[in-house]
Amino acid sequence: MEGFIPKNTAKINNMPTLPYAIEEAVNRLRVNISFLGSEVKKIMVISSMPDEGKSFVTMQLWRQMAEANVRSILLDMDLRKSVTVDKYQIEQEKGKILGMSYYLANDISLEDCVLRTDIGKGDILPNVDNVVNPSMLLEGHKFERTLKELEEYYRYIFIDSPPLNLVSDGEKIGSLCDGAILVVRAGETSKSIVRNSIRQLERANCPLVGIVLSRAKTGTGGYYAKKYGGYYGNKYYGSKSNYYYGYGAQK
C-alpha cells in the first residue's frame, strides 16, 4: 500500500482537552507501547464489560500517537453499538461517512472509506451503521486482508473492540491482532471477570500487552491496589502504579 491516500478528509469537532493527570497517563501508555518492538502493530483495545472506558482510551491513545507524528489509524470495530461519530462529532468534508460495517459488507476500496483527519498523522475508519449481528462480516476474509494491507502503511493500527464478556466479536478480532490492551474499571469489574477476559485473549492467541486502570484512585495503596494488587502483582502495572488512568504495557 505504498502511497496509500484516503480519498476523504474529516474534522473531529469534539476532541476534549484532558486534565493533566489523564493526559500524562495516556502519554505513559503511548511511550510503553513504543517499547513493544516493531512487530507489534495491530493493537486491540478491549474491556470485559460496557462503560469501562475502552473507547476513550483507544481514541486518546490514537490521538497522542498521531500528534507525535507516528502514522496511526483507528478502526472502530464496535459494530453493534458504536457512538464514536456522534460523540466526537466527526464530519467528513464532502459526502457521507461510509463507515466500517458498510466497507466490510460491500465491494468498496479502503481509500473510499478511510478518513484523513486534522490530527497529526492520524487516520480513522469509524463505524456509522450499527448492525445486530456482525459475525458474518468478521468471519469473512475481508477484515483479515484489510489488516494486512493497513500494516504495510501504518505504524500502529488501534482497534476499538466490543466488550469480551458480552459477545464473541472481541475474540475473533483478537485472533488477528498482535496484542491487546485490557481496560478495567476500578471498583466495578471483579477479579473473576478479568480472569475470564484474560482466558479469552489466551484462547484467541492474542497476547495481553497491557492493562489500563480506569477511574482508579490516585496515590500509593489506594482502593484499586488493595483490591487487585494481590492478583496482578507487579507483572502488569507495579505495586505503586495507581493512576486515574493507569497503564501497564509489557513486552
# chains A, B, ... in the order shown; residues from 1 in each chain; ligands from 1
$ select_by_dssp --residues "segment 17-92 of chain A" --states "alpha helix (DSSP H)" --output "VMD selection string"
chain A and resid 20 to 34 54 to 67 84 to 87
$ closest_atom_pairs --of "segment 48-112 of chain A" --to "segment 19-28 of chain A" --cutoff "12 Å" --atoms "only C-alpha atoms" --output "tab-separated table"
residue	atom	partner	partner_atom	distance
A:Phe56	CA	A:Val26	CA	10.3
A:Val57	CA	A:Val26	CA	7.6
A:Thr58	CA	A:Val26	CA	9.8
A:Met59	CA	A:Val26	CA	10.3
A:Gln60	CA	A:Val26	CA	7.0
A:Leu61	CA	A:Val26	CA	6.2
A:Trp62	CA	A:Val26	CA	9.8
A:Arg63	CA	A:Val26	CA	9.9
A:Gln64	CA	A:Asn27	CA	7.0
A:Met65	CA	A:Asn27	CA	8.8
A:Ala66	CA	A:Asn27	CA	12.0
A:Glu67	CA	A:Asn27	CA	11.1
A:Ala68	CA	A:Asn27	CA	10.3
$ closest_residue --among "A:Asp118, A:Glu188, A:Glu91, A:Glu202" --to "Pro50 of chain A" --atoms "only C-alpha atoms"
A:Glu188
$ residues_around --residues "Cys177 of chain A" --least-positions-apart "5" --cutoff "7 Å" --atoms "only C-alpha atoms" --output "list in words"
Lys42, Ile43, Met44 and Cys206 of chain A
$ closest_residue --among "A:Asp76, A:Glu39, A:Glu52, A:Glu111" --to "Glu149 of chain A" --atoms "only C-alpha atoms"
A:Glu111
$ residues_around --residues "Ser38 of chain A" --least-positions-apart "4" --cutoff "10 Å" --atoms "only C-alpha atoms" --output "JSON list (two decimals) with C-alpha atoms, in the first residue's frame"
[["chain", "number", "residue", "atom", "x", "y", "z"],
["A", 34, "SER", "CA", 6.71, 2.12, 21.67],
["A", 155, "ARG", "CA", 2.98, 2.05, 12.20],
["A", 156, "TYR", "CA", 0.07, 1.38, 14.54]]
$ residues_around --residues "Asp123 of chain A" --least-positions-apart "3" --cutoff "8 Å" --atoms "only C-alpha atoms" --output "PyMOL selection string"
chain A and resi 72-74+114-117
$ closest_residue --among "A:Met77, A:Leu110, A:Val31, A:Ile193" --to "Lys54 of chain A" --atoms "only C-alpha atoms"
A:Met77
$ select_by_dssp --residues "segment 104-137 of chain A" --states "strand (DSSP E)" --output "mmCIF file with N, CA and C atoms, in the first residue's frame"
data_model
loop_
_atom_site.group_PDB
_atom_site.id
_atom_site.type_symbol
_atom_site.label_atom_id
_atom_site.label_comp_id
_atom_site.auth_asym_id
_atom_site.auth_seq_id
_atom_site.Cartn_x
_atom_site.Cartn_y
_atom_site.Cartn_z
ATOM 1 N N LEU A 115 -10.736 7.849 6.559
ATOM 2 C CA LEU A 115 -10.770 9.310 6.606
ATOM 3 C C LEU A 115 -9.441 9.861 7.093
ATOM 4 N N ARG A 116 -8.889 10.777 6.360
ATOM 5 C CA ARG A 116 -7.705 11.502 6.813
ATOM 6 C C ARG A 116 -8.176 12.635 7.714
ATOM 7 N N GLY A 122 -2.841 11.061 11.845
ATOM 8 C CA GLY A 122 -3.880 10.128 12.238
ATOM 9 C C GLY A 122 -5.004 10.018 11.233
ATOM 10 N N ASP A 123 -5.315 8.782 10.844
ATOM 11 C CA ASP A 123 -6.470 8.479 10.017
ATOM 12 C C ASP A 123 -7.443 7.650 10.844
ATOM 13 N N ILE A 124 -8.685 7.578 10.381
ATOM 14 C CA ILE A 124 -9.701 6.866 11.145
ATOM 15 C C ILE A 124 -10.714 6.221 10.207
ATOM 16 N N LEU A 125 -11.182 5.051 10.592
ATOM 17 C CA LEU A 125 -12.289 4.411 9.894
ATOM 18 C C LEU A 125 -13.354 4.106 10.942
#
$ atom_distance --atom1 "atom CA of Arg215 of chain A" --atom2 "atom CA of Ala186 of chain A"
5.8 Å
$ closest_residue --among "A:Val45, A:Leu176, A:Leu98, A:Leu36" --to "Lys148 of chain A" --atoms "only C-alpha atoms"
A:Leu176
$ residues_around --residues "Tyr88 of chain A" --least-positions-apart "2" --cutoff "7 Å" --atoms "only C-alpha atoms" --output "list in words"
Ile12, Asn13, Asn14, Met15, Thr84, Val85, Asp86 and Ile90 of chain A
$ residues_around --residues "Ser101 of chain A" --least-positions-apart "3" --cutoff "10 Å" --atoms "only C-alpha atoms" --output "ChimeraX atom specification"
/A:76-80,98,104-106,125-131,134,137-138
$ atom_distance --atom1 "atom CA of Asn133 of chain A" --atom2 "atom CA of Ile108 of chain A"
20.7 Å
$ closest_residue --among "A:Leu29, A:Leu150, A:Ile198, A:Cys113" --to "Ile46 of chain A" --atoms "only C-alpha atoms"
A:Ile198
